[in-house]
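Listing of upload28.txt, compact mmCIF, C-alpha atoms
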# COMPACT_ATOMS: atom_id res chain seq x y z
CA MET A 1 0.00 0.00 0.00
CA VAL A 2 1.38 3.40 -0.98
CA VAL A 3 0.55 6.23 1.39
CA THR A 4 0.83 9.83 0.22
CA ILE A 5 2.48 11.98 2.86
CA GLY A 6 1.04 15.45 3.39
CA GLN A 7 -2.37 14.71 1.91
CA GLU A 8 -5.44 13.21 3.49
CA SER A 9 -6.08 10.81 0.62
CA ASP A 10 -8.66 8.04 0.75
CA VAL A 11 -5.83 5.55 1.13
CA THR A 12 -4.46 7.48 4.12
CA LYS A 13 -7.92 7.71 5.69
CA GLU A 14 -8.43 3.97 5.27
CA LEU A 15 -5.01 3.29 6.75
CA LEU A 16 -5.82 5.46 9.78
CA LEU A 17 -9.16 3.70 10.21
CA ARG A 18 -7.43 0.31 10.18
CA ILE A 19 -4.84 1.54 12.69
CA SER A 20 -7.56 2.92 14.96
CA LYS A 21 -9.06 -0.60 15.02
CA GLY A 22 -5.70 -2.09 16.09
CA ASP A 23 -4.43 -3.40 12.73
CA ASN A 24 -0.70 -4.06 13.25
CA ARG A 25 0.03 -4.39 9.53
CA ALA A 26 -1.56 -1.01 8.84
CA PHE A 27 0.53 0.50 11.62
CA ARG A 28 3.65 -1.03 10.05
CA THR A 29 2.78 0.68 6.76
CA PHE A 30 2.24 3.93 8.67
CA PHE A 31 5.60 3.45 10.41
CA ASP A 32 7.44 2.75 7.14
CA THR A 33 5.86 5.82 5.55
CA TYR A 34 6.35 8.33 8.36
CA TYR A 35 9.56 7.12 10.01
CA PRO A 36 12.00 8.96 7.69
CA ARG A 37 10.12 12.24 7.93
CA ILE A 38 9.57 12.13 11.69
CA ASN A 39 13.13 10.98 12.31
CA ARG A 40 14.47 13.88 10.24
CA PHE A 41 12.19 16.39 11.96
CA ILE A 42 13.27 15.21 15.41
CA SER A 43 16.91 15.37 14.32
CA TYR A 44 16.43 19.13 13.88
CA ILE A 45 15.69 19.37 17.58
CA VAL A 46 17.71 16.54 19.16
CA ARG A 47 21.39 16.23 18.30
CA SER A 48 22.18 12.96 20.04
CA ASN A 49 21.50 9.91 17.88
CA GLU A 50 20.61 7.79 20.90
CA VAL A 51 18.17 10.36 22.26
CA ARG A 52 16.69 10.93 18.81
CA GLU A 53 16.03 7.21 18.34
CA GLU A 54 14.40 7.08 21.76
CA VAL A 55 12.18 10.06 20.91
CA VAL A 56 11.22 8.50 17.56
CA SER A 57 10.30 5.27 19.35
CA ASP A 58 8.28 7.23 21.91
CA PHE A 59 6.56 9.05 19.05
CA PHE A 60 5.32 5.85 17.41
CA LEU A 61 4.37 4.38 20.78
CA THR A 62 2.34 7.53 21.53
CA VAL A 63 0.61 7.36 18.16
CA TRP A 64 -0.22 3.69 18.78
CA LYS A 65 -1.52 4.38 22.30
CA HIS A 66 -3.81 7.11 20.96
CA ARG A 67 -4.72 5.34 17.72
CA GLU A 68 -8.45 5.66 18.37
CA LYS A 69 -8.13 9.43 17.79
CA LEU A 70 -6.48 9.12 14.37
CA CYS A 71 -9.72 9.07 12.38
CA LYS A 72 -10.92 12.25 14.09
CA ILE A 73 -7.78 14.29 13.30
CA LYS A 74 -8.43 17.03 10.73
CA ASP A 75 -4.78 17.88 9.96
CA LEU A 76 -2.72 14.72 10.34
CA ASP A 77 0.67 16.31 9.63
CA ALA A 78 0.15 19.07 12.18
CA TYR A 79 -0.98 16.48 14.73
CA LEU A 80 2.03 14.24 14.11
CA TYR A 81 4.57 17.06 14.10
CA THR A 82 3.08 18.46 17.30
CA ILE A 83 3.50 15.10 19.04
CA ALA A 84 7.07 14.81 17.73
CA ARG A 85 7.94 18.36 18.78
CA HIS A 86 6.56 17.93 22.29
CA LEU A 87 8.38 14.64 22.81
CA ALA A 88 11.66 16.05 21.48
CA LEU A 89 11.45 19.18 23.63
CA ASP A 90 10.53 17.10 26.68
CA SER A 91 13.58 14.92 26.13
CA LEU A 92 15.77 18.02 25.87
CA ARG A 93 14.36 19.39 29.10
CA LYS A 94 15.13 16.09 30.81
CA ILE A 95 18.76 15.98 29.73
CA LEU A 96 19.29 19.77 29.89
CA HIS A 97 20.97 20.21 26.55
CA CYS A 98 19.49 21.99 23.59
CA HIS A 99 21.06 21.45 20.15
CA ILE A 100 19.56 21.01 16.72
CA ILE A 101 21.22 19.14 13.86
CA GLU A 102 24.86 18.34 13.28
CA GLU A 103 24.89 18.65 9.53
CA ILE A 104 22.54 19.07 6.58
CA PRO A 105 23.04 16.76 3.62
CA LEU A 106 22.45 19.11 0.72
CA GLY A 107 23.58 16.91 -2.18
CA ILE A 108 24.59 19.77 -4.47
CA ALA A 109 27.34 17.93 -6.33
CA SER A 110 26.60 16.07 -9.55
CA ALA A 111 28.38 13.05 -11.01
CA ASP A 112 28.81 14.96 -14.31
CA ASN A 113 30.97 17.67 -12.72
CA THR A 114 34.68 18.00 -13.39
CA PRO A 115 36.99 17.50 -10.38
CA GLU A 116 37.26 21.30 -10.01
CA GLU A 117 33.48 21.72 -10.14
CA GLN A 118 33.09 18.83 -7.70
CA LEU A 119 35.53 20.48 -5.26
CA LEU A 120 33.74 23.83 -5.57
CA SER A 121 30.37 22.11 -5.04
CA GLU A 122 31.66 20.37 -1.93
CA GLU A 123 33.11 23.64 -0.61
CA LEU A 124 29.82 25.41 -1.35
CA CYS A 125 27.91 22.64 0.41
CA ARG A 126 30.14 23.01 3.47
CA ALA A 127 29.74 26.79 3.38
CA ILE A 128 25.94 26.51 3.19
CA THR A 129 25.88 23.96 6.00
CA GLN A 130 28.08 26.23 8.12
CA ALA A 131 25.91 29.23 7.32
CA VAL A 132 22.71 27.39 8.26
CA ASN A 133 24.32 26.14 11.48
CA GLN A 134 25.14 29.76 12.42
CA LEU A 135 21.47 30.73 12.36
CA PRO A 136 19.63 31.20 15.66
CA GLU A 137 17.90 28.00 16.82
CA ARG A 138 14.29 28.86 15.94
CA CYS A 139 15.35 30.56 12.72
CA LYS A 140 17.26 27.44 11.66
CA LEU A 141 14.36 25.15 12.49
CA VAL A 142 11.89 27.27 10.51
CA PHE A 143 14.29 27.50 7.56
CA LEU A 144 14.92 23.74 7.47
CA MET A 145 11.24 22.88 7.78
CA ALA A 146 10.45 25.19 4.86
CA LYS A 147 13.37 24.33 2.60
CA GLU A 148 14.12 20.69 3.39
CA GLN A 149 10.69 19.41 4.33
CA GLY A 150 8.86 21.68 1.89
CA LEU A 151 6.31 22.70 4.49
CA LYS A 152 4.17 25.78 3.98
CA TYR A 153 4.41 28.67 6.42
CA LYS A 154 0.95 27.86 7.76
CA GLU A 155 1.97 24.25 8.46
CA ILE A 156 5.18 25.37 10.18
CA ALA A 157 3.20 27.82 12.29
CA GLN A 158 0.80 25.08 13.39
CA ILE A 159 3.58 22.63 14.18
CA LEU A 160 5.67 25.12 16.16
CA GLN A 161 2.61 26.86 17.61
CA ILE A 162 3.69 30.28 16.41
CA SER A 163 2.03 32.76 14.07
CA GLU A 164 2.53 32.74 10.29
CA LYS A 165 3.99 36.25 10.62
CA THR A 166 6.63 34.88 12.98
CA VAL A 167 7.45 32.11 10.49
CA ASN A 168 7.76 34.72 7.75
CA ALA A 169 9.94 36.95 9.94
CA GLN A 170 12.21 34.01 10.81
CA MET A 171 12.56 33.14 7.11
CA VAL A 172 13.45 36.75 6.27
CA ILE A 173 16.13 36.74 8.98
CA ALA A 174 17.47 33.37 7.79
CA LEU A 175 17.61 34.40 4.14
CA LYS A 176 19.30 37.74 4.92
CA LYS A 177 21.94 36.07 7.09
CA LEU A 178 22.52 33.29 4.56
CA ASN A 179 22.74 35.82 1.73
CA LEU A 180 25.37 37.84 3.64
CA ILE A 181 27.41 34.75 4.53
CA MET A 182 27.20 33.40 0.98
CA ARG A 183 28.27 36.74 -0.51
CA GLN A 184 31.33 36.70 1.73
CA TYR A 185 32.04 33.12 0.67
CA MET A 186 31.68 33.92 -3.05
CA LYS A 187 34.03 36.92 -2.72
CA SER A 188 36.65 34.73 -1.04
CA VAL A 189 36.39 32.05 -3.73
CA PHE A 190 36.16 34.14 -6.89
CA PHE A 191 37.98 37.38 -6.09

As a first step, turn the structure in this file into structure tokens.
Amino acid sequence: MVVTIGQESDVTKELLLRISKGDNRAFRTFFDTYYPRINRFISYIVRSNEVREEVVSDFFLTVWKHREKLCKIKDLDAYLYTIARHLALDSLRKILHCHIIEEIPLGIASADNTPEEQLLSEELCRAITQAVNQLPERCKLVFLMAKEQGLKYKEIAQILQISEKTVNAQMVIALKKLNLIMRQYMKSVFF
């Protein structure tokens, strides 16, 4: 069964109905579909691999425990991201350390590039990763959710429980800072 992430398709609704009735196979399909996305989202909040895996496990356990509610949820993604965010932040509070991600795999380089182009692409990738890692915590999270996950500002606002204007403001800050850092990088490389 193929489940479309981000849309409440008939297939997704049927899957949720089956899960709400305790169907383990349906839950396995749900797990296989949402694990990469939830794992990635939690990695933005929790740096430690061990803690992240524990939070991801807690996330799916929580969803299973509250499976009866799944059919009543109007915005599944917002619901799931809210659970993931709360669990991740709770884990950070417990261990008293607050970091986001270690590195962003951007995959800019192409196999068709010359060695020089490949080297420049790798340097650019490192520069972008460094620039993103220099952003303030909330700004970085908003930026990554928008650019890597492809979430809309409204979805980000719901997940993080902030206003759309705040999401927009954080994106403006992120883009200005990244633009400045990238200009400095380009000057150092080409001039």

| task | Up to 6 Å from (3.6, 1.7, 14.9) in the file's coordinates: name the residues, counting all atoms listed in the file, as a PyMOL selection string. | result | chain A and resi 27-28+31+60+64

Val51 in chain A: which residues within 9 Å, counting all atoms listed in the file, same-chain residues fewer than 4 positions away excluded, as a CSV table (one decimal) with C-alpha atoms, in the coordinates of the input?
chain,number,residue,atom,x,y,z
A,46,VAL,CA,17.7,16.5,19.2
A,47,ARG,CA,21.4,16.2,18.3
A,55,VAL,CA,12.2,10.1,20.9
A,56,VAL,CA,11.2,8.5,17.6
A,88,ALA,CA,11.7,16.0,21.5
A,91,SER,CA,13.6,14.9,26.1
A,92,LEU,CA,15.8,18.0,25.9

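Taking CA of Ala78 in chain A and CA of Gly150 in chain A as endpoints, the distance between them is 13.7 Å.
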
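The spacing separating CA of Asn24 in chain A from CA of Ser9 in chain A amounts to 20.2 Å.
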
| query | What is the distance between CA of Tyr81 in chain A and CA of Asn179 in chain A, in Å to one decimal? | reply | 28.9 Å

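Taking all atoms listed in the file into account, Met171 in chain A lies nearest to A:Ala146 out of the set A:Gln158, A:Thr82, A:Gln184, A:Ala146.
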
| remark: Judged by all atoms listed in the file, the minimum distance to Ala131 in chain A among A:Ile159, A:Leu178, A:Leu15, A:Leu89 is found for A:Leu178

| Mind listing as an MDAnalysis selection string all residues within 9 Å of (15.2, 13.1, 13.9), counting only C-alpha atoms? | chainID A and resid 36:47 49 52:53 55:56 88 101

| field | Residue contacts of Ile162 in chain A (12 Å, all atoms listed in the file) excluding same-chain residues fewer than 5 positions away, as number ranges by chain | value | A: 82, 138, 142, 153-157, 167-170

As a PDB file with C-alpha atoms, in the coordinates of the input, please: the residues near Lys177 in chain A (cut-off 12 Å, only C-alpha atoms, same-chain neighbours under 6 positions excluded).
ATOM      1  CA  ILE A 128      25.940  26.510   3.190  1.00  0.00           C
ATOM      2  CA  GLN A 130      28.080  26.230   8.120  1.00  0.00           C
ATOM      3  CA  ALA A 131      25.910  29.230   7.320  1.00  0.00           C
ATOM      4  CA  VAL A 132      22.710  27.390   8.260  1.00  0.00           C
ATOM      5  CA  ASN A 133      24.320  26.140  11.480  1.00  0.00           C
ATOM      6  CA  GLN A 134      25.140  29.760  12.420  1.00  0.00           C
ATOM      7  CA  LEU A 135      21.470  30.730  12.360  1.00  0.00           C
ATOM      8  CA  PRO A 136      19.630  31.200  15.660  1.00  0.00           C
ATOM      9  CA  CYS A 139      15.350  30.560  12.720  1.00  0.00           C
ATOM     10  CA  LYS A 140      17.260  27.440  11.660  1.00  0.00           C
ATOM     11  CA  PHE A 143      14.290  27.500   7.560  1.00  0.00           C
ATOM     12  CA  GLN A 170      12.210  34.010  10.810  1.00  0.00           C
ATOM     13  CA  MET A 171      12.560  33.140   7.110  1.00  0.00           C
ATOM     14  CA  ARG A 183      28.270  36.740  -0.510  1.00  0.00           C
ATOM     15  CA  GLN A 184      31.330  36.700   1.730  1.00  0.00           C
TER      16      GLN A 184
END

Kindly compute an axis-aligned box around the listed atoms of range 59-65 of chain A, allowing 6 Å on each side, and express its centre and edge lengths in Å to one decimal as lines of an AutoDock Vina configuration file.
center_x = 2.5
center_y = 6.4
center_z = 19.9
size_x = 20.1
size_y = 17.4
size_z = 16.9

| task | Check the smallest atom-to-atom distance from each of A:Glu148, A:Leu80, A:Arg126, A:Thr33 to Thr62 in chain A using all atoms listed in the file, then report the winner. | result | A:Leu80
